[in-house]
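Remarks on the structure that follows.
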Amino acid sequence: MTTAMTLPETSERYDRRQALELLADLPMGELMALAHRERVRRFPGKTVTFVVDTNPNYTNVCATGCAFCAFFRQPGDADAYLLDPREVAQRVKIAADKGATTVLLQGGHHPRVGLKDWQAYIEAIHSACPQVHIHPFSPAEIAFMAEKTHCPVSEVLQALWDAGIRTIPGGGAEILTESVRRVIAPRKAGTEQWLDVCEQAHRIGFKTTATMMYGHVETDGDIIAHLLRLRELQDRTQGFTSFIPWSFKPGQSPLARRVKHPVHPARYVRIIAVARLVLDNFPHIQSSWFSENIPAGQLGLLAGADDFGGVLVEEHVHREAGHDRQATVANVVTIIRRAGFIPARRDSHYRIRETFDPPVTVGTGGGA
Ligand code: SF4
């Protein structure tokens with residue numbers, strides 16, 4: 001080490017101050033090397049996983065109106081929509097025919113969509129594509145459903161469990177501090193509610209991911225507070241499978257009036273590295289071609305990430321914010337290989353289903 005930072009011994013954890021120093025001060029090369037070392041210690045070998053998924057947002061109607069969101073519409077807007085279960089199932093079928101193995105099912109907080117509608121979506125998808133893993137409804141959506149229907153969160157979760165659901169996407173976390181949520185998502189489930197839904201889900205047996213959306217009004221301290229809240233909960237439940245960060249895309253969102261430019265992709269790489277080091281109880285850290293751009297996604301793989309996210313067959317939320325990216329399995333395999341890793345397609349439980357050829361190694365001469 002060339003810096004004066006006091007890094008913990010291997011068996012110790014980064015505390016708040018040390019984590020802040022990592023994020024704010026450690027030179028980029030050192031931070032990436034440190035995180036990569038930890039990744040290799042946790043996952044020896046060069047495998048980088050990805051999943052082929054689809055995200056047919058079932059509605060863009062939302063009563064919550066987050067300031068960062070360019071996707072939502074008010075009921076009655078000309079382009080407001082609510083898909084019926086048959087339409088959702090048809091879209092999933094089309095995606096499954098193109099290779100999708102998982103459907104990430106999320107939508108706006110629609111005031112008139114009830115638990116029975118959610119069950120109807122699940123049943124329709126399951127009967128049209130029984131082989132597709134259904135990964136539905138963020139903790140924020142579940143909290144909204146519980147409030148709206150005056151039903152305890154535990155009952156909403158139990159209904160999903162009884163419908164055969166076993167994993168839940170960790171969307172809606174944004175930044176888990178109230179000072180930030182008051183500005184960017186004042187009507188959305190708060191920090192404690194979001195964490196409580198995850199904790200109850202983990203206790204039932206669900207696995208969930210955890211997300212973070214940064215690059216707006218948060219401070220470094222907010223990012224570290226977010227990571228530490230996740231780590232504390234993971235210590236209790238071991239229910240998180242992965243951490244998935246992405247940056248705020250101003251697009252046409254109301255928050256774009258205040259935050260005009262997206263943050264530099266180098267910030268993404270730093271956050272992935274810090275997450276690998278601080279979230280010492282999380283198995284997987286995701287770096288994605290989709291969230292930022294291909295080079296940032298590749299650099300994230302050299303900064304502690306072991307997963308490359310999804311090859312999305314259908315997606316609307318980022319597209320509405322002007323962030324339109326498409327890739328095929330062949331593209332993603334090439335991108336991972338060119339970063340020096342061995343691509344492997346996984347399922348939503350992070351089980352490897354198919355391993356692709358390793359990257360070409362260029363010899364340095366000599367040999368027999
Ligand atoms: S982020 Fe989700 S909850 Fe917030 S306005 Fe958009 S759709 Fe609604």
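By convention here, the chains of the structure tokens are called A, B, ... in the order presented, each chain's residues are numbered starting at 1, and ligands are numbered starting at 1 in the order presented.
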task = Do a neighbour search on segment 85-91 of chain A at 9 Å with only C-alpha atoms, toss out local chain neighbours closer than 6 positions, and write the hits as a VMD selection string.
result = chain A and resid 54 56 to 58 117 to 118 120 to 129 314
Atoms to include: C-alpha atoms. Write the selected residues as an mmCIF file, in the first residue's frame.
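selection_25.cif was written with the following content:
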```cif
data_model
loop_
_atom_site.group_PDB
_atom_site.id
_atom_site.type_symbol
_atom_site.label_atom_id
_atom_site.label_comp_id
_atom_site.auth_asym_id
_atom_site.auth_seq_id
_atom_site.Cartn_x
_atom_site.Cartn_y
_atom_site.Cartn_z
ATOM 1 C CA THR A 54 -36.736 -10.023 -19.668
ATOM 2 C CA PRO A 56 -41.945 -6.573 -19.320
ATOM 3 C CA ASN A 57 -43.073 -3.789 -16.969
ATOM 4 C CA TYR A 58 -46.751 -4.614 -16.433
ATOM 5 C CA ASP A 117 -53.881 -9.215 -10.159
ATOM 6 C CA TRP A 118 -50.323 -10.071 -9.143
ATOM 7 C CA ALA A 120 -53.026 -13.648 -12.084
ATOM 8 C CA TYR A 121 -49.775 -12.412 -13.699
ATOM 9 C CA ILE A 122 -47.818 -15.187 -12.015
ATOM 10 C CA GLU A 123 -50.335 -17.857 -12.999
ATOM 11 C CA ALA A 124 -50.515 -16.642 -16.619
ATOM 12 C CA ILE A 125 -46.725 -16.601 -16.999
ATOM 13 C CA HIS A 126 -46.388 -19.944 -15.299
ATOM 14 C CA SER A 127 -48.942 -21.621 -17.528
ATOM 15 C CA ALA A 128 -47.530 -20.064 -20.737
ATOM 16 C CA CYS A 129 -43.866 -20.711 -19.869
ATOM 17 C CA GLU A 314 -37.228 -6.423 -23.032
#
```
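The binding environment of ligand 1, defined as every protein, DNA or RNA residue with an atom no more than 7 Å away and counting only C-alpha atoms and all ligand atoms, comprises A:Asn60, A:Cys62, A:Ala63, A:Thr64, A:Gly65, A:Cys66, A:Cys69, A:Ala70, A:Phe71, A:Phe72, A:Gly107, A:Gly108, A:His109, A:Gly172, A:Ala185, A:Lys188.
Atom CA of Ser154 of chain A to atom CA of Val197 of chain A spans 8.2 Å [interatomic distance, one decimal].
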Expected answer as JSON, numbers by chain: strand (DSSP E or B) residues in segment 91-238 of chain A = {"A": [102, 103, 104, 105, 133, 134, 135, 136, 167, 168, 207, 208, 209, 210, 211, 212, 213, 214]}
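Separating atom CA of Tyr14 of chain A from atom CA of Phe282 of chain A is a distance of 14.0 Å.
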ask   = Between A:His110, A:Arg236, A:Arg258, A:Arg267, which is the closest to Gly215 of chain A once you count only C-alpha atoms?
value = A:Arg267
request  = Would you kindly return, as a PyMOL selection string, each protein, DNA or RNA residue with an atom no farther than 12 Å from any atom of Arg276 of chain A, considering only C-alpha atoms and excluding same-chain residues fewer than 5 positions away?
outcome  = chain A and resi 13-14+19+22-23+31-43+227+231+242-245+269-271+281-287+300-307
Take the residues that were just selected and, keeping C-alpha atoms, output them as a CSV table (one decimal), in the first residue's frame.
```
chain,number,residue,atom,x,y,z
A,13,ARG,CA,-14.4,-5.5,8.7
A,14,TYR,CA,-14.3,-2.1,7.2
A,19,ALA,CA,-15.2,2.6,4.1
A,22,LEU,CA,-11.9,3.7,0.5
A,23,LEU,CA,-14.7,5.5,-1.5
A,31,LEU,CA,-8.9,0.3,-4.8
A,32,MET,CA,-9.5,-1.9,-7.8
A,33,ALA,CA,-6.6,-4.2,-7.0
A,34,LEU,CA,-7.7,-4.6,-3.4
A,35,ALA,CA,-11.3,-5.4,-4.4
A,36,HIS,CA,-10.1,-7.8,-7.2
A,37,ARG,CA,-8.0,-9.6,-4.6
A,38,GLU,CA,-11.0,-10.1,-2.4
A,39,ARG,CA,-13.1,-11.3,-5.4
A,40,VAL,CA,-10.4,-13.9,-6.3
A,41,ARG,CA,-10.3,-15.0,-2.7
A,42,ARG,CA,-14.0,-15.5,-2.7
A,43,PHE,CA,-14.3,-16.8,-6.2
A,227,LEU,CA,-23.9,-0.4,2.3
A,231,ARG,CA,-24.5,-5.6,5.6
A,242,SER,CA,-26.2,-9.9,-4.8
A,243,PHE,CA,-25.6,-6.2,-4.8
A,244,ILE,CA,-26.5,-4.3,-8.0
A,245,PRO,CA,-25.6,-0.6,-8.3
A,269,VAL,CA,-16.2,1.2,-10.8
A,270,ARG,CA,-15.3,2.8,-7.4
A,271,ILE,CA,-18.7,1.9,-5.9
A,281,ASN,CA,-21.2,-11.1,3.6
A,282,PHE,CA,-22.7,-10.7,0.1
A,283,PRO,CA,-21.8,-13.5,-2.3
A,284,HIS,CA,-22.2,-11.6,-5.6
A,285,ILE,CA,-21.4,-8.1,-6.7
A,286,GLN,CA,-22.8,-7.1,-10.1
A,287,SER,CA,-21.1,-5.0,-12.8
A,300,GLY,CA,-16.1,-3.4,-12.8
A,301,LEU,CA,-15.1,-7.0,-13.4
A,302,LEU,CA,-11.6,-6.0,-12.5
A,303,ALA,CA,-12.8,-4.2,-9.4
A,304,GLY,CA,-14.4,-7.0,-7.5
A,305,ALA,CA,-17.5,-7.9,-9.4
A,306,ASP,CA,-18.2,-11.5,-10.4
A,307,ASP,CA,-21.5,-11.2,-12.2
```
Who sits within 7 Å of Phe68 of chain A, only C-alpha atoms, same chain under 5 positions skipped, as a compact mmCIF listing (two decimals) with N, CA and C atoms, in the first residue's frame:
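Result file follows (out.txt):
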```
# COMPACT_ATOMS: atom_id res chain seq x y z
N ILE A 184 -35.69 12.57 -3.31
CA ILE A 184 -35.86 11.86 -4.59
C ILE A 184 -37.07 10.94 -4.63
N PRO A 250 -30.50 11.17 -15.79
CA PRO A 250 -31.44 12.30 -15.69
C PRO A 250 -32.60 12.21 -16.69
N SER A 253 -36.65 13.07 -16.37
CA SER A 253 -37.22 13.01 -15.03
C SER A 253 -37.26 14.40 -14.40
N PRO A 254 -38.18 14.61 -13.44
CA PRO A 254 -38.23 15.91 -12.75
C PRO A 254 -36.90 16.26 -12.08
N LEU A 255 -36.17 15.26 -11.58
CA LEU A 255 -34.90 15.53 -10.89
C LEU A 255 -33.83 16.06 -11.84
```
Expected answer as a CSV table (one decimal) with N, CA and C atoms, in the first residue's frame: alpha helix (DSSP H) residues in segment 101-315 of chain A:
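Output file selection.csv follows:
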```
chain,number,residue,atom,x,y,z
A,115,LEU,N,-53.6,-7.7,-5.1
A,115,LEU,CA,-52.8,-8.9,-4.9
A,115,LEU,C,-53.3,-10.0,-5.9
A,116,LYS,N,-54.7,-10.0,-6.1
A,116,LYS,CA,-55.2,-11.0,-7.0
A,116,LYS,C,-54.7,-10.8,-8.5
A,117,ASP,N,-54.5,-9.5,-8.8
A,117,ASP,CA,-53.9,-9.2,-10.2
A,117,ASP,C,-52.4,-9.8,-10.2
A,118,TRP,N,-51.7,-9.5,-9.2
A,118,TRP,CA,-50.3,-10.1,-9.1
A,118,TRP,C,-50.3,-11.6,-9.3
A,119,GLN,N,-51.3,-12.2,-8.6
A,119,GLN,CA,-51.4,-13.7,-8.7
A,119,GLN,C,-51.7,-14.1,-10.1
A,120,ALA,N,-52.6,-13.3,-10.7
A,120,ALA,CA,-53.0,-13.6,-12.1
A,120,ALA,C,-51.8,-13.5,-13.0
A,121,TYR,N,-51.0,-12.5,-12.9
A,121,TYR,CA,-49.8,-12.4,-13.7
A,121,TYR,C,-48.9,-13.7,-13.5
A,122,ILE,N,-48.7,-14.0,-12.3
A,122,ILE,CA,-47.8,-15.2,-12.0
A,122,ILE,C,-48.4,-16.5,-12.6
A,123,GLU,N,-49.7,-16.6,-12.4
A,123,GLU,CA,-50.3,-17.9,-13.0
A,123,GLU,C,-50.3,-17.9,-14.5
A,124,ALA,N,-50.5,-16.7,-15.1
A,124,ALA,CA,-50.5,-16.6,-16.6
A,124,ALA,C,-49.1,-16.9,-17.2
A,125,ILE,N,-48.1,-16.4,-16.5
A,125,ILE,CA,-46.7,-16.6,-17.0
A,125,ILE,C,-46.4,-18.1,-16.8
A,126,HIS,N,-46.8,-18.6,-15.6
A,126,HIS,CA,-46.4,-19.9,-15.3
A,126,HIS,C,-47.1,-20.9,-16.3
A,127,SER,N,-48.3,-20.6,-16.6
A,127,SER,CA,-48.9,-21.6,-17.5
A,127,SER,C,-48.4,-21.5,-19.0
A,128,ALA,N,-48.1,-20.2,-19.4
A,128,ALA,CA,-47.5,-20.1,-20.7
A,128,ALA,C,-46.1,-20.6,-20.9
A,139,PRO,N,-39.3,-4.8,-3.1
A,139,PRO,CA,-39.8,-4.5,-1.8
A,139,PRO,C,-40.7,-3.3,-1.7
A,140,ALA,N,-40.3,-2.3,-2.5
A,140,ALA,CA,-41.1,-1.0,-2.5
A,140,ALA,C,-42.6,-1.3,-3.0
A,141,GLU,N,-42.7,-2.1,-4.1
A,141,GLU,CA,-44.0,-2.5,-4.6
A,141,GLU,C,-44.8,-3.3,-3.5
A,142,ILE,N,-44.1,-4.2,-2.9
A,142,ILE,CA,-44.7,-5.1,-1.9
A,142,ILE,C,-45.2,-4.2,-0.7
A,143,ALA,N,-44.4,-3.2,-0.3
A,143,ALA,CA,-44.8,-2.3,0.8
A,143,ALA,C,-46.0,-1.5,0.4
A,144,PHE,N,-46.1,-1.1,-0.9
A,144,PHE,CA,-47.2,-0.3,-1.4
A,144,PHE,C,-48.4,-1.2,-1.4
A,145,MET,N,-48.3,-2.4,-1.9
A,145,MET,CA,-49.4,-3.3,-2.0
A,145,MET,C,-50.0,-3.6,-0.6
A,146,ALA,N,-49.1,-3.8,0.4
A,146,ALA,CA,-49.6,-4.0,1.8
A,146,ALA,C,-50.3,-2.8,2.3
A,147,GLU,N,-49.8,-1.7,2.1
A,147,GLU,CA,-50.5,-0.4,2.6
A,147,GLU,C,-51.8,-0.3,2.0
A,148,LYS,N,-51.9,-0.4,0.6
A,148,LYS,CA,-53.1,-0.1,-0.1
A,148,LYS,C,-54.2,-1.1,0.2
A,149,THR,N,-53.8,-2.4,0.4
A,149,THR,CA,-54.8,-3.4,0.7
A,149,THR,C,-55.0,-3.7,2.2
A,153,VAL,N,-47.5,-7.0,5.5
A,153,VAL,CA,-46.5,-7.4,4.5
A,153,VAL,C,-46.3,-8.9,4.5
A,154,SER,N,-46.3,-9.5,5.7
A,154,SER,CA,-46.1,-10.9,5.8
A,154,SER,C,-47.1,-11.7,5.0
A,155,GLU,N,-48.4,-11.2,4.9
A,155,GLU,CA,-49.4,-11.9,4.1
A,155,GLU,C,-49.2,-11.8,2.6
A,156,VAL,N,-48.7,-10.6,2.2
A,156,VAL,CA,-48.4,-10.4,0.8
A,156,VAL,C,-47.3,-11.3,0.4
A,157,LEU,N,-46.3,-11.3,1.2
A,157,LEU,CA,-45.1,-12.2,0.9
A,157,LEU,C,-45.6,-13.7,0.9
A,158,GLN,N,-46.4,-14.1,1.9
A,158,GLN,CA,-46.8,-15.5,1.9
A,158,GLN,C,-47.6,-15.8,0.7
A,159,ALA,N,-48.5,-14.9,0.2
A,159,ALA,CA,-49.2,-15.1,-1.0
A,159,ALA,C,-48.3,-15.4,-2.2
A,160,LEU,N,-47.2,-14.6,-2.2
A,160,LEU,CA,-46.2,-14.8,-3.3
A,160,LEU,C,-45.5,-16.1,-3.2
A,161,TRP,N,-45.2,-16.5,-2.0
A,161,TRP,CA,-44.5,-17.8,-1.7
A,161,TRP,C,-45.4,-18.9,-2.1
A,162,ASP,N,-46.7,-18.8,-1.7
A,162,ASP,CA,-47.7,-19.8,-2.1
A,162,ASP,C,-47.9,-19.9,-3.6
A,178,GLU,N,-32.9,8.6,4.9
A,178,GLU,CA,-34.1,9.4,4.8
A,178,GLU,C,-33.9,10.7,4.2
A,179,SER,N,-32.7,11.3,4.5
A,179,SER,CA,-32.4,12.7,3.9
A,179,SER,C,-32.4,12.7,2.4
A,180,VAL,N,-31.9,11.6,1.8
A,180,VAL,CA,-32.0,11.5,0.4
A,180,VAL,C,-33.4,11.1,-0.1
A,181,ARG,N,-34.0,10.2,0.5
A,181,ARG,CA,-35.3,9.7,0.1
A,181,ARG,C,-36.4,10.9,0.1
A,182,ARG,N,-36.2,11.8,1.1
A,182,ARG,CA,-37.1,12.9,1.2
A,182,ARG,C,-37.1,13.7,-0.1
A,183,VAL,N,-35.9,13.8,-0.7
A,183,VAL,CA,-35.7,14.6,-1.9
A,183,VAL,C,-36.1,13.8,-3.2
A,184,ILE,N,-35.7,12.6,-3.3
A,184,ILE,CA,-35.9,11.9,-4.6
A,184,ILE,C,-37.1,10.9,-4.6
A,191,THR,N,-36.6,3.9,4.2
A,191,THR,CA,-35.5,3.0,4.5
A,191,THR,C,-35.9,1.8,5.3
A,192,GLU,N,-36.6,2.1,6.5
A,192,GLU,CA,-36.9,1.0,7.4
A,192,GLU,C,-37.9,0.1,6.8
A,193,GLN,N,-38.9,0.7,6.0
A,193,GLN,CA,-39.9,-0.2,5.3
A,193,GLN,C,-39.2,-1.1,4.3
A,194,TRP,N,-38.3,-0.6,3.5
A,194,TRP,CA,-37.6,-1.4,2.5
A,194,TRP,C,-36.9,-2.5,3.1
A,195,LEU,N,-36.1,-2.2,4.2
A,195,LEU,CA,-35.3,-3.2,4.9
A,195,LEU,C,-36.2,-4.2,5.6
A,196,ASP,N,-37.3,-3.8,6.1
A,196,ASP,CA,-38.3,-4.7,6.8
A,196,ASP,C,-38.9,-5.7,5.8
A,197,VAL,N,-39.3,-5.2,4.6
A,197,VAL,CA,-39.8,-6.2,3.6
A,197,VAL,C,-38.8,-7.2,3.3
A,198,CYS,N,-37.5,-6.8,3.1
A,198,CYS,CA,-36.4,-7.7,2.8
A,198,CYS,C,-36.3,-8.7,4.0
A,199,GLU,N,-36.2,-8.2,5.2
A,199,GLU,CA,-36.0,-9.1,6.3
A,199,GLU,C,-37.1,-10.1,6.5
A,200,GLN,N,-38.4,-9.6,6.3
A,200,GLN,CA,-39.5,-10.6,6.4
A,200,GLN,C,-39.4,-11.6,5.3
A,201,ALA,N,-39.0,-11.1,4.1
A,201,ALA,CA,-38.9,-12.1,2.9
A,201,ALA,C,-37.9,-13.1,3.2
A,202,HIS,N,-36.7,-12.7,3.7
A,202,HIS,CA,-35.6,-13.6,3.9
A,202,HIS,C,-36.0,-14.6,5.0
A,203,ARG,N,-36.8,-14.2,6.0
A,203,ARG,CA,-37.2,-15.1,7.1
A,203,ARG,C,-38.2,-16.2,6.6
A,204,ILE,N,-39.0,-15.8,5.5
A,204,ILE,CA,-39.9,-16.8,5.0
A,204,ILE,C,-39.0,-17.8,4.1
A,220,ASP,N,-21.1,10.9,-0.2
A,220,ASP,CA,-20.3,9.6,0.1
A,220,ASP,C,-20.8,8.9,1.3
A,221,GLY,N,-21.1,9.8,2.3
A,221,GLY,CA,-21.6,9.2,3.6
A,221,GLY,C,-22.9,8.4,3.4
A,222,ASP,N,-23.8,8.9,2.5
A,222,ASP,CA,-25.1,8.2,2.3
A,222,ASP,C,-24.8,6.9,1.6
A,223,ILE,N,-23.8,6.8,0.7
A,223,ILE,CA,-23.5,5.6,0.0
A,223,ILE,C,-23.0,4.6,1.1
A,224,ILE,N,-22.1,5.0,1.9
A,224,ILE,CA,-21.6,4.1,2.9
A,224,ILE,C,-22.7,3.6,3.9
A,225,ALA,N,-23.5,4.6,4.3
A,225,ALA,CA,-24.6,4.2,5.2
A,225,ALA,C,-25.5,3.2,4.5
A,226,HIS,N,-25.8,3.3,3.2
A,226,HIS,CA,-26.6,2.3,2.5
A,226,HIS,C,-25.9,0.9,2.6
A,227,LEU,N,-24.6,0.9,2.3
A,227,LEU,CA,-23.9,-0.4,2.3
A,227,LEU,C,-23.9,-1.0,3.7
A,228,LEU,N,-23.8,-0.2,4.7
A,228,LEU,CA,-23.7,-0.7,6.1
A,228,LEU,C,-25.1,-1.2,6.5
A,229,ARG,N,-26.2,-0.6,6.1
A,229,ARG,CA,-27.5,-1.1,6.4
A,229,ARG,C,-27.7,-2.4,5.8
A,230,LEU,N,-27.3,-2.6,4.6
A,230,LEU,CA,-27.4,-3.9,3.9
A,230,LEU,C,-26.6,-4.9,4.6
A,231,ARG,N,-25.4,-4.6,5.0
A,231,ARG,CA,-24.5,-5.6,5.6
A,231,ARG,C,-25.1,-6.0,7.0
A,232,GLU,N,-25.6,-5.0,7.7
A,232,GLU,CA,-26.2,-5.4,9.0
A,232,GLU,C,-27.4,-6.4,8.8
A,233,LEU,N,-28.2,-6.1,7.8
A,233,LEU,CA,-29.4,-7.0,7.6
A,233,LEU,C,-28.9,-8.4,7.1
A,234,GLN,N,-27.9,-8.4,6.3
A,234,GLN,CA,-27.3,-9.7,5.8
A,234,GLN,C,-26.7,-10.5,6.9
A,235,ASP,N,-26.1,-9.8,7.9
A,235,ASP,CA,-25.6,-10.6,9.0
A,235,ASP,C,-26.7,-11.3,9.7
A,236,ARG,N,-27.9,-10.7,9.8
A,236,ARG,CA,-29.0,-11.4,10.5
A,236,ARG,C,-29.7,-12.5,9.6
A,237,THR,N,-29.8,-12.3,8.3
A,237,THR,CA,-30.6,-13.2,7.5
A,237,THR,C,-29.9,-14.0,6.4
A,265,PRO,N,-18.6,7.4,-15.3
A,265,PRO,CA,-18.5,5.9,-15.1
A,265,PRO,C,-17.4,5.5,-14.1
A,266,ALA,N,-16.4,6.3,-13.9
A,266,ALA,CA,-15.4,5.9,-12.9
A,266,ALA,C,-16.0,5.7,-11.5
A,267,ARG,N,-17.0,6.5,-11.3
A,267,ARG,CA,-17.7,6.4,-10.0
A,267,ARG,C,-18.3,5.0,-9.8
A,268,TYR,N,-18.8,4.5,-10.9
A,268,TYR,CA,-19.5,3.2,-10.9
A,268,TYR,C,-18.4,2.1,-10.5
A,269,VAL,N,-17.2,2.2,-11.1
A,269,VAL,CA,-16.2,1.2,-10.8
A,269,VAL,C,-15.8,1.4,-9.3
A,270,ARG,N,-15.6,2.6,-8.8
A,270,ARG,CA,-15.3,2.8,-7.4
A,270,ARG,C,-16.3,2.1,-6.5
A,271,ILE,N,-17.6,2.4,-6.8
A,271,ILE,CA,-18.7,1.9,-5.9
A,271,ILE,C,-18.7,0.3,-5.9
A,272,ILE,N,-18.4,-0.3,-7.1
A,272,ILE,CA,-18.4,-1.7,-7.1
A,272,ILE,C,-17.2,-2.2,-6.3
A,273,ALA,N,-16.1,-1.6,-6.4
A,273,ALA,CA,-14.9,-2.0,-5.6
A,273,ALA,C,-15.2,-1.9,-4.1
A,274,VAL,N,-15.8,-0.7,-3.7
A,274,VAL,CA,-16.1,-0.5,-2.3
A,274,VAL,C,-17.1,-1.5,-1.8
A,275,ALA,N,-18.1,-1.8,-2.6
A,275,ALA,CA,-19.1,-2.8,-2.3
A,275,ALA,C,-18.5,-4.2,-2.0
A,276,ARG,N,-17.6,-4.6,-2.9
A,276,ARG,CA,-17.0,-5.9,-2.7
A,276,ARG,C,-16.2,-5.9,-1.4
A,277,LEU,N,-15.6,-4.8,-1.0
A,277,LEU,CA,-14.8,-4.8,0.3
A,277,LEU,C,-15.7,-4.7,1.5
A,278,VAL,N,-16.7,-3.8,1.4
A,278,VAL,CA,-17.5,-3.6,2.6
A,278,VAL,C,-18.6,-4.6,2.8
A,294,ILE,N,-20.2,-0.3,-21.8
A,294,ILE,CA,-19.4,-1.6,-21.9
A,294,ILE,C,-18.1,-1.5,-21.1
A,295,PRO,N,-17.2,-0.4,-21.4
A,295,PRO,CA,-16.0,-0.3,-20.7
A,295,PRO,C,-16.1,-0.3,-19.2
A,296,ALA,N,-17.1,0.5,-18.7
A,296,ALA,CA,-17.3,0.6,-17.2
A,296,ALA,C,-17.7,-0.8,-16.7
A,297,GLY,N,-18.5,-1.5,-17.4
A,297,GLY,CA,-18.9,-2.8,-17.0
A,297,GLY,C,-17.7,-3.8,-16.9
A,298,GLN,N,-16.9,-3.7,-17.9
A,298,GLN,CA,-15.7,-4.5,-17.9
A,298,GLN,C,-14.7,-4.2,-16.8
A,299,LEU,N,-14.5,-2.9,-16.6
A,299,LEU,CA,-13.7,-2.5,-15.5
A,299,LEU,C,-14.2,-2.9,-14.1
A,300,GLY,N,-15.5,-2.9,-14.0
A,300,GLY,CA,-16.1,-3.4,-12.8
A,300,GLY,C,-15.7,-4.9,-12.5
A,301,LEU,N,-15.6,-5.6,-13.6
A,301,LEU,CA,-15.1,-7.0,-13.4
A,301,LEU,C,-13.7,-7.1,-12.9
```
